[in-house]
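Containing compact mmCIF, C-alpha atoms: query-v7.txt.
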# COMPACT_ATOMS: atom_id res chain seq x y z
CA MET A 1 93.02 130.50 33.74
CA ILE A 2 91.00 129.23 36.68
CA GLY A 3 92.75 128.21 39.84
CA ARG A 4 91.61 125.74 42.45
CA ARG A 5 90.62 128.63 44.69
CA GLY A 6 88.09 131.27 43.92
CA LEU A 7 86.12 129.85 40.98
CA SER A 8 84.19 133.05 40.48
CA MET A 9 82.87 133.74 37.00
CA THR A 10 79.66 134.07 35.08
CA ASP A 11 81.21 133.78 31.61
CA GLU A 12 79.20 130.96 30.10
CA SER A 13 82.02 130.09 27.72
CA GLN A 14 83.68 128.54 30.79
CA ILE A 15 80.77 126.16 31.41
CA PRO A 16 82.35 123.16 29.60
CA TYR A 17 85.43 123.53 31.82
CA LEU A 18 83.31 123.92 34.94
CA ILE A 19 81.37 120.74 34.16
CA ARG A 20 84.63 118.82 33.79
CA LEU A 21 85.72 120.16 37.19
CA LEU A 22 82.76 118.37 38.76
CA ASP A 23 84.95 115.27 38.48
CA ASP A 24 87.70 116.86 40.59
CA ASP A 25 88.64 114.78 43.64
CA THR A 26 88.86 117.84 45.90
CA PRO A 27 85.55 118.55 47.70
CA SER A 28 86.32 122.28 48.01
CA VAL A 29 86.79 122.54 44.23
CA ARG A 30 83.52 120.75 43.52
CA ALA A 31 81.71 122.98 46.02
CA SER A 32 83.17 126.11 44.43
CA VAL A 33 82.19 124.87 40.98
CA MET A 34 78.61 124.30 42.13
CA ARG A 35 78.42 127.80 43.58
CA THR A 36 79.63 129.22 40.29
CA LEU A 37 77.19 127.13 38.26
CA ALA A 38 74.37 128.18 40.61
CA SER A 39 75.15 131.83 39.83
CA PHE A 40 73.93 131.29 36.25
CA GLY A 41 70.41 130.75 37.61
CA PRO A 42 67.72 129.36 35.28
CA SER A 43 69.86 130.22 32.22
CA LEU A 44 72.23 127.33 33.05
CA ASP A 45 70.07 124.81 31.18
CA ASP A 46 70.11 126.86 27.99
CA ALA A 47 73.85 127.59 28.30
CA LEU A 48 74.64 123.88 28.54
CA GLU A 49 72.79 123.29 25.29
CA ARG A 50 74.29 126.30 23.52
CA HIS A 51 77.78 125.00 24.25
CA GLY A 52 76.95 121.41 23.40
CA VAL A 53 77.69 120.21 26.93
CA VAL A 54 76.15 116.83 27.79
CA PRO A 55 77.12 115.90 31.36
CA ASP A 56 77.88 112.23 31.90
CA ALA A 57 75.98 110.16 34.47
CA ARG A 58 78.30 111.06 37.35
CA GLN A 59 78.29 114.77 36.54
CA MET A 60 74.52 114.80 36.10
CA HIS A 61 74.05 113.12 39.48
CA VAL A 62 75.82 116.11 41.05
CA LEU A 63 74.24 118.71 38.78
CA GLU A 64 70.63 117.54 38.65
CA PRO A 65 69.42 118.95 42.00
CA LEU A 66 70.62 122.39 40.92
CA LEU A 67 68.94 122.11 37.51
CA VAL A 68 65.69 120.92 39.09
CA GLU A 69 65.76 123.81 41.55
CA HIS A 70 66.24 126.36 38.79
CA ARG A 71 63.66 124.77 36.53
CA GLY A 72 61.17 124.66 39.39
CA SER A 73 61.64 128.35 40.12
CA ARG A 74 61.10 129.21 36.46
CA LEU A 75 58.03 126.96 36.22
CA ARG A 76 56.45 128.57 39.27
CA GLN A 77 57.13 132.03 37.86
CA GLN A 78 55.76 131.21 34.39
CA TRP A 79 52.79 129.07 35.43
CA PRO A 80 50.20 131.93 35.52
CA ASP A 81 51.09 132.94 31.94
CA TRP A 82 49.09 130.20 30.20
CA HIS A 83 45.97 131.19 32.17
CA LYS A 84 45.98 134.46 30.20
CA GLU A 85 45.55 132.72 26.85
CA SER A 86 41.99 133.17 25.59
CA VAL A 87 42.09 130.49 22.86
CA ASP A 88 41.66 126.97 24.22
CA LYS A 89 44.36 125.30 22.13
CA ALA A 90 46.80 128.16 22.82
CA ARG A 91 46.22 127.58 26.56
CA LEU A 92 46.99 123.89 26.12
CA GLU A 93 50.15 124.41 24.08
CA HIS A 94 51.47 127.16 26.35
CA ALA A 95 51.02 125.05 29.49
CA LEU A 96 52.60 121.97 27.91
CA ARG A 97 55.55 124.04 26.69
CA ILE A 98 56.44 125.39 30.13
CA LEU A 99 55.91 121.97 31.71
CA GLY A 100 58.25 120.53 29.09
CA GLU A 101 60.85 123.19 29.82
CA PHE A 102 60.70 122.13 33.47
CA GLN A 103 61.15 118.47 32.62
CA ILE A 104 63.84 118.60 29.93
CA GLY A 105 65.25 122.14 30.04
CA GLY A 106 64.31 125.42 28.44
CA ALA A 107 66.15 125.11 25.15
CA ARG A 108 64.92 121.62 24.32
CA GLY A 109 61.46 122.13 25.81
CA GLY A 110 61.08 125.28 23.76
CA ARG A 111 61.13 123.20 20.59
CA LEU A 112 57.50 122.21 21.06
CA THR A 113 56.01 124.70 18.62
CA GLY A 114 58.57 123.87 15.94
CA HIS A 115 57.99 120.13 16.31
CA LEU A 116 54.23 120.55 16.02
CA ASP A 117 54.65 122.83 13.00
CA SER A 118 56.86 120.23 11.32
CA LEU A 119 54.28 117.50 11.84
CA ALA A 120 51.60 119.75 10.34
CA GLU A 121 53.81 120.50 7.33
CA GLY A 122 54.54 116.81 6.90
CA PHE A 123 50.83 116.03 6.89
CA ARG A 124 50.15 118.67 4.22
CA ALA A 125 52.83 117.08 2.04
CA TRP A 126 51.42 113.58 2.44
CA PHE A 127 47.70 114.40 2.44
CA PRO A 128 46.96 117.74 0.71
CA GLY A 129 43.47 118.69 1.82
CA GLY A 130 43.25 115.61 4.06
CA GLY A 131 40.75 115.30 6.88
CA VAL A 132 40.90 114.54 10.56
CA LEU A 133 41.06 110.75 10.12
CA ASP A 134 43.80 111.13 7.52
CA LEU A 135 45.71 113.06 10.19
CA SER A 136 45.29 110.15 12.60
CA HIS A 137 46.72 107.80 9.96
CA PHE A 138 49.61 110.16 9.31
CA LEU A 139 50.58 110.64 12.97
CA PHE A 140 50.16 107.07 14.18
CA ASP A 141 51.22 105.19 11.08
CA VAL A 142 53.31 107.34 8.72
CA ALA A 143 55.07 109.41 11.43
CA GLY A 144 55.30 106.39 13.72
CA LEU A 145 53.92 107.79 16.96
CA ARG A 146 53.09 104.86 19.24
CA GLY A 147 52.02 103.94 22.72
CA ALA A 148 54.90 103.39 25.13
CA SER A 149 55.24 99.66 25.75
CA THR A 150 58.04 100.02 28.32
CA GLU A 151 58.60 102.52 31.14
CA TYR A 152 54.96 103.55 30.81
CA TYR A 153 55.03 105.58 34.03
CA HIS A 154 58.23 107.46 33.27
CA PRO A 155 57.63 111.23 33.68
CA LEU A 156 59.09 111.97 30.24
CA ASN A 157 56.14 110.19 28.63
CA SER A 158 54.22 113.35 29.57
CA SER A 159 56.75 115.65 27.87
CA ILE A 160 55.36 116.37 24.41
CA VAL A 161 58.77 117.25 22.94
CA HIS A 162 60.25 114.00 24.29
CA VAL A 163 57.30 112.01 22.91
CA ILE A 164 57.63 113.55 19.45
CA GLU A 165 61.39 113.02 19.37
CA HIS A 166 61.20 109.42 20.58
CA ARG A 167 57.87 108.54 18.93
CA ARG A 168 56.52 106.92 22.12
CA GLY A 169 54.09 108.23 24.70
CA ILE A 170 51.13 107.58 26.96
CA PRO A 171 47.53 108.03 25.75
CA ILE A 172 47.10 111.64 26.83
CA SER A 173 50.40 112.87 25.35
CA LEU A 174 49.56 111.26 22.00
CA VAL A 175 46.07 112.79 22.05
CA ILE A 176 47.57 116.21 22.79
CA ILE A 177 49.76 115.94 19.70
CA TYR A 178 46.71 114.98 17.64
CA ILE A 179 44.79 117.97 19.03
CA LEU A 180 47.52 120.56 18.52
CA VAL A 181 48.61 119.42 15.06
CA GLY A 182 44.95 119.26 14.04
CA HIS A 183 44.42 122.80 15.28
CA ARG A 184 47.20 124.01 12.96
CA LEU A 185 45.42 122.39 10.04
CA GLY A 186 41.95 123.69 10.82
CA LEU A 187 40.84 120.22 11.94
CA ARG A 188 38.96 119.81 15.20
CA VAL A 189 40.11 117.23 17.71
CA GLU A 190 39.18 117.31 21.38
CA GLY A 191 40.20 115.28 24.40
CA CYS A 192 38.00 112.59 25.91
CA ASN A 193 38.54 112.24 29.66
CA PHE A 194 37.80 108.52 29.73
CA PRO A 195 38.83 106.93 33.04
CA GLY A 196 42.14 105.08 32.84
CA HIS A 197 42.69 105.55 29.11
CA PHE A 198 42.55 109.03 27.60
CA LEU A 199 40.92 109.09 24.15
CA ALA A 200 40.39 111.61 21.34
CA ILE A 201 37.15 112.85 19.83
CA ALA A 202 37.68 113.74 16.16
CA TYR A 203 35.13 115.90 14.36
CA ASP A 204 34.84 114.19 10.97
CA GLU A 205 32.45 116.36 8.96
CA ALA A 206 29.01 115.93 10.62
CA ARG A 207 29.98 113.12 13.00
CA ARG A 208 32.11 112.72 16.10
CA VAL A 209 34.50 109.77 16.08
CA ILE A 210 36.26 108.26 19.09
CA VAL A 211 39.94 107.58 18.37
CA ASP A 212 42.37 105.52 20.46
CA CYS A 213 45.71 107.23 19.81
CA PHE A 214 47.64 104.86 22.08
CA ASN A 215 46.69 101.91 19.88
CA GLY A 216 47.69 103.24 16.48
CA GLY A 217 44.93 105.82 16.06
CA ARG A 218 42.25 103.14 15.85
CA VAL A 219 38.67 104.36 15.46
CA LEU A 220 36.47 102.73 18.10
CA GLY A 221 33.50 101.01 16.50
CA ASP A 222 30.29 99.70 18.04
CA ARG A 223 31.91 96.44 19.18
CA ASP A 224 34.70 98.35 20.93
CA ILE A 225 32.20 100.65 22.62
CA ALA A 226 30.07 97.69 23.76
CA ILE A 227 32.81 96.36 26.04
CA LEU A 228 33.46 99.75 27.65
CA PRO A 229 31.49 101.14 30.58
CA GLY A 230 28.78 103.45 29.29
CA THR A 231 27.25 104.13 25.91
CA ARG A 232 28.78 106.02 22.98
CA ASP A 233 26.91 109.13 24.12
CA ASP A 234 28.31 108.70 27.64
CA ILE A 235 31.85 108.56 26.26
CA LEU A 236 31.30 111.52 23.95
CA GLY A 237 29.98 113.39 26.98
CA LEU A 238 33.47 113.17 28.50
CA GLU A 239 34.86 115.70 26.02
CA VAL A 240 37.33 117.92 27.87
CA ARG A 241 39.03 121.18 27.05
CA ALA A 242 42.48 122.58 27.85
CA ASP A 243 42.17 123.11 31.61
CA GLY A 244 40.93 119.58 32.19
CA ILE A 245 43.63 118.08 29.97
CA ILE A 246 46.35 120.02 31.79
CA ALA A 247 44.97 118.91 35.16
CA ARG A 248 45.11 115.27 34.06
CA VAL A 249 48.66 115.67 32.75
CA MET A 250 49.64 117.14 36.10
CA ARG A 251 48.08 114.23 37.99
CA ASN A 252 49.95 111.77 35.78
CA LEU A 253 53.19 113.60 36.47
CA LEU A 254 52.50 113.63 40.19
CA ASN A 255 52.02 109.86 40.18
CA SER A 256 55.25 109.40 38.22
CA TYR A 257 57.30 111.66 40.48
CA ARG A 258 55.84 110.05 43.61
CA LYS A 259 57.03 106.67 42.34
CA GLY A 260 60.48 108.22 41.92
CA GLU A 261 60.33 109.70 45.42
CA GLN A 262 61.06 113.20 44.14
CA SER A 263 59.39 115.05 46.99
CA SER A 264 60.35 118.61 46.06
CA THR A 265 58.89 118.18 42.55
CA VAL A 266 55.74 116.58 43.99
CA ILE A 267 55.20 119.56 46.32
CA LEU A 268 55.68 122.01 43.45
CA LEU A 269 53.30 120.21 41.08
CA GLU A 270 50.66 119.77 43.78
CA ASP A 271 50.70 123.51 44.38
CA LEU A 272 50.46 124.33 40.66
CA LEU A 273 47.64 121.81 40.17
CA ASN A 274 45.65 123.65 42.80
CA HIS A 275 45.97 126.83 40.72
CA ILE A 276 44.43 125.50 37.51
CA PRO A 277 41.38 127.70 36.81
CA GLY A 278 39.07 124.77 36.02
CA ASP A 279 39.11 121.19 34.90
CA ARG A 280 36.57 121.07 32.08
Could you express the structure from this file as structure tokens?
Amino acid sequence: MIGRRGLSMTDESQIPYLIRLLDDDTPSVRASVMRTLASFGPSLDDALERHGVVPDARQMHVLEPLLVEHRGSRLRQQWPDWHKESVDKARLEHALRILGEFQIGGARGGRLTGHLDSLAEGFRAWFPGGGVLDLSHFLFDVAGLRGASTEYYHPLNSSIVHVIEHRRGIPISLVIIYILVGHRLGLRVEGCNFPGHFLAIAYDEARRVIVDCFNGGRVLGDRDIAILPGTRDDILGLEVRADGIIARVMRNLLNSYRKGEQSSTVILLEDLLNHIPGDR
């Protein structure tokens, strides 16, 4: 039994009750509840999910600053870890996983690897022995991944887990999925750091193909290239590896959070962006 005074506990089984107490009309009770919730530290996110607690809009308005603070501390602590990965695609996936955990919470963000594995397994079932362009067809037609037509600048369009679950994303997030699922299948896809519209470069046997993942995985032909600035070779020369992709994701997120006037998150991401080893 928890009284109105002295809400002191770290038993996570009490979290559903504590969240309900955020609706209490007494300021001292709400303040005590917040102190108790703060004592869970970064594990609060995961505990909410374990107990199936989904705060309503009013509760989340009160709770969100605390969650963001905890997630930010964990992100700052974990950020150097992806730098230690020696394999390019492992660097990319590791960085996107911890960024996703910051955006949507540790438990949900941690589903990234499983979601990517499931897409790879689905492709094998549909296209046994299929190639890199078959994968594009699978992801952007069969699996239904699409460019976001609304709320394009929403930060969650940079969260790979959110994009996979909702089947909508911005160009770079869709290309990242193409890259990381392809890597699981032994198919080579790289990023193309084209200004204003991130593209993919798919290695299809002896040729390199430019793929627009935002527009249904369409292969760009000569007519498409002709209306873009630069030649095909110029565009292919914009191939970018993990560090450069992560830097561009971070810049997209910074723009999104600036629009939302989330200054503490902007400061954090600016600092982390400055600690990316390289951008090619």
Nearest candidate to Asp134 of chain A (options A:Arg218, A:Glu165, A:Cys192, A:Ser149; using all atoms listed in the file)
A:Arg218
Using all atoms listed in the file, determine which residues lie at most 12 Å from Ala38 of chain A, disregarding the query and same-chain residues fewer than 6 positions distant; provide the list as a PyMOL selection string.
chain A and resi 7-10+12+15+18+31-32+44-45+63-71
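Excluding segment 107-113 of chain A itself and any same-chain residue fewer than 6 positions from it, the protein and nucleic acid residues within 9 Å of it, counting all atoms listed in the file, are A:Asp45, A:Asp46, A:Ala47, A:Glu49, A:Arg50, A:Glu93, A:Leu96, A:Arg97, A:Ile98, A:Leu99, A:Gly100, A:Glu101, A:Ser159, A:Ile160, A:Val161, A:His162, A:Ile164.
Checking A:Ile210, A:Leu135, A:Met34, A:Val54 one by one against Glu239 of chain A, counting all atoms listed in the file, you find the shortest gap at A:Ile210.
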Expressed in Å, the length from atom CA of Phe138 of chain A to atom CA of Val87 of chain A is 25.6 Å
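We find atom CA of Leu48 of chain A and atom CA of Arg35 of chain A to be spaced 16.0 Å apart.
Ranking A:Leu273, A:Val142, A:Val209, A:Val62 by their shortest atom-to-atom distance to Arg20 of chain A, with all atoms listed in the file included, puts A:Val62 first.
Shortest separation to Val211 of chain A among A:His166, A:His137, A:His154, A:Arg184 occurs at residue A:His137, atoms counted being all atoms listed in the file.
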With a distance cut-off of 10 Å and all atoms listed in the file, select the neighbouring residues of segment 196-199 of chain A, excluding the residue or stretch itself and same-chain residues fewer than 4 positions from it, and output the selection as a short mmCIF file (atom, residue, chain, number, x, y, z; two decimals) with C-alpha atoms, in the frame of the given file.
data_model
loop_
_atom_site.label_atom_id
_atom_site.label_comp_id
_atom_site.auth_asym_id
_atom_site.auth_seq_id
_atom_site.Cartn_x
_atom_site.Cartn_y
_atom_site.Cartn_z
CA ILE A 170 51.13 107.58 26.96
CA PRO A 171 47.53 108.03 25.75
CA ILE A 172 47.10 111.64 26.83
CA SER A 173 50.40 112.87 25.35
CA LEU A 174 49.56 111.26 22.00
CA VAL A 175 46.07 112.79 22.05
CA ILE A 176 47.57 116.21 22.79
CA GLU A 190 39.18 117.31 21.38
CA GLY A 191 40.20 115.28 24.40
CA CYS A 192 38.00 112.59 25.91
CA ILE A 210 36.26 108.26 19.09
CA VAL A 211 39.94 107.58 18.37
CA ASP A 212 42.37 105.52 20.46
CA CYS A 213 45.71 107.23 19.81
CA PHE A 214 47.64 104.86 22.08
CA GLY A 217 44.93 105.82 16.06
CA LEU A 220 36.47 102.73 18.10
CA ILE A 235 31.85 108.56 26.26
CA LEU A 236 31.30 111.52 23.95
CA LEU A 238 33.47 113.17 28.50
CA GLU A 239 34.86 115.70 26.02
CA ILE A 245 43.63 118.08 29.97
CA ARG A 248 45.11 115.27 34.06
#
Starting from the sparse input, extend segment 59-77 of chain A to N, CA and C atoms and give the output as a short mmCIF file (atom, residue, chain, number, x, y, z; two decimals), keeping the file's coordinate frame.
data_model
loop_
_atom_site.label_atom_id
_atom_site.label_comp_id
_atom_site.auth_asym_id
_atom_site.auth_seq_id
_atom_site.Cartn_x
_atom_site.Cartn_y
_atom_site.Cartn_z
N GLN A 59 78.44 113.31 36.48
CA GLN A 59 78.29 114.77 36.54
C GLN A 59 76.83 115.15 36.72
N MET A 60 75.93 114.46 36.00
CA MET A 60 74.52 114.80 36.10
C MET A 60 73.97 114.48 37.49
N HIS A 61 74.48 113.45 38.12
CA HIS A 61 74.05 113.12 39.48
C HIS A 61 74.33 114.30 40.42
N VAL A 62 75.46 114.95 40.23
CA VAL A 62 75.82 116.11 41.05
C VAL A 62 75.02 117.34 40.63
N LEU A 63 74.82 117.49 39.34
CA LEU A 63 74.24 118.71 38.78
C LEU A 63 72.72 118.75 38.84
N GLU A 64 72.09 117.59 38.80
CA GLU A 64 70.63 117.54 38.65
C GLU A 64 69.86 118.29 39.72
N PRO A 65 70.20 118.19 41.01
CA PRO A 65 69.42 118.95 42.00
C PRO A 65 69.42 120.45 41.72
N LEU A 66 70.55 120.97 41.25
CA LEU A 66 70.62 122.39 40.92
C LEU A 66 69.73 122.72 39.73
N LEU A 67 69.77 121.88 38.69
CA LEU A 67 68.94 122.11 37.51
C LEU A 67 67.46 122.05 37.87
N VAL A 68 67.09 121.07 38.69
CA VAL A 68 65.69 120.92 39.09
C VAL A 68 65.24 122.13 39.89
N GLU A 69 66.11 122.62 40.77
CA GLU A 69 65.76 123.81 41.55
C GLU A 69 65.51 125.01 40.65
N HIS A 70 66.40 125.23 39.70
CA HIS A 70 66.24 126.36 38.79
C HIS A 70 65.01 126.20 37.90
N ARG A 71 64.83 125.00 37.39
CA ARG A 71 63.66 124.77 36.53
C ARG A 71 62.37 124.95 37.30
N GLY A 72 62.36 124.50 38.57
CA GLY A 72 61.17 124.66 39.39
C GLY A 72 60.84 126.12 39.65
N SER A 73 61.86 126.92 39.90
CA SER A 73 61.64 128.35 40.12
C SER A 73 61.05 129.01 38.88
N ARG A 74 61.60 128.63 37.71
CA ARG A 74 61.10 129.21 36.46
C ARG A 74 59.67 128.75 36.18
N LEU A 75 59.39 127.46 36.44
CA LEU A 75 58.03 126.96 36.22
C LEU A 75 57.02 127.69 37.10
N ARG A 76 57.36 127.86 38.37
CA ARG A 76 56.45 128.57 39.27
C ARG A 76 56.21 130.00 38.81
N GLN A 77 57.26 130.65 38.32
CA GLN A 77 57.13 132.03 37.86
C GLN A 77 56.28 132.11 36.59
#
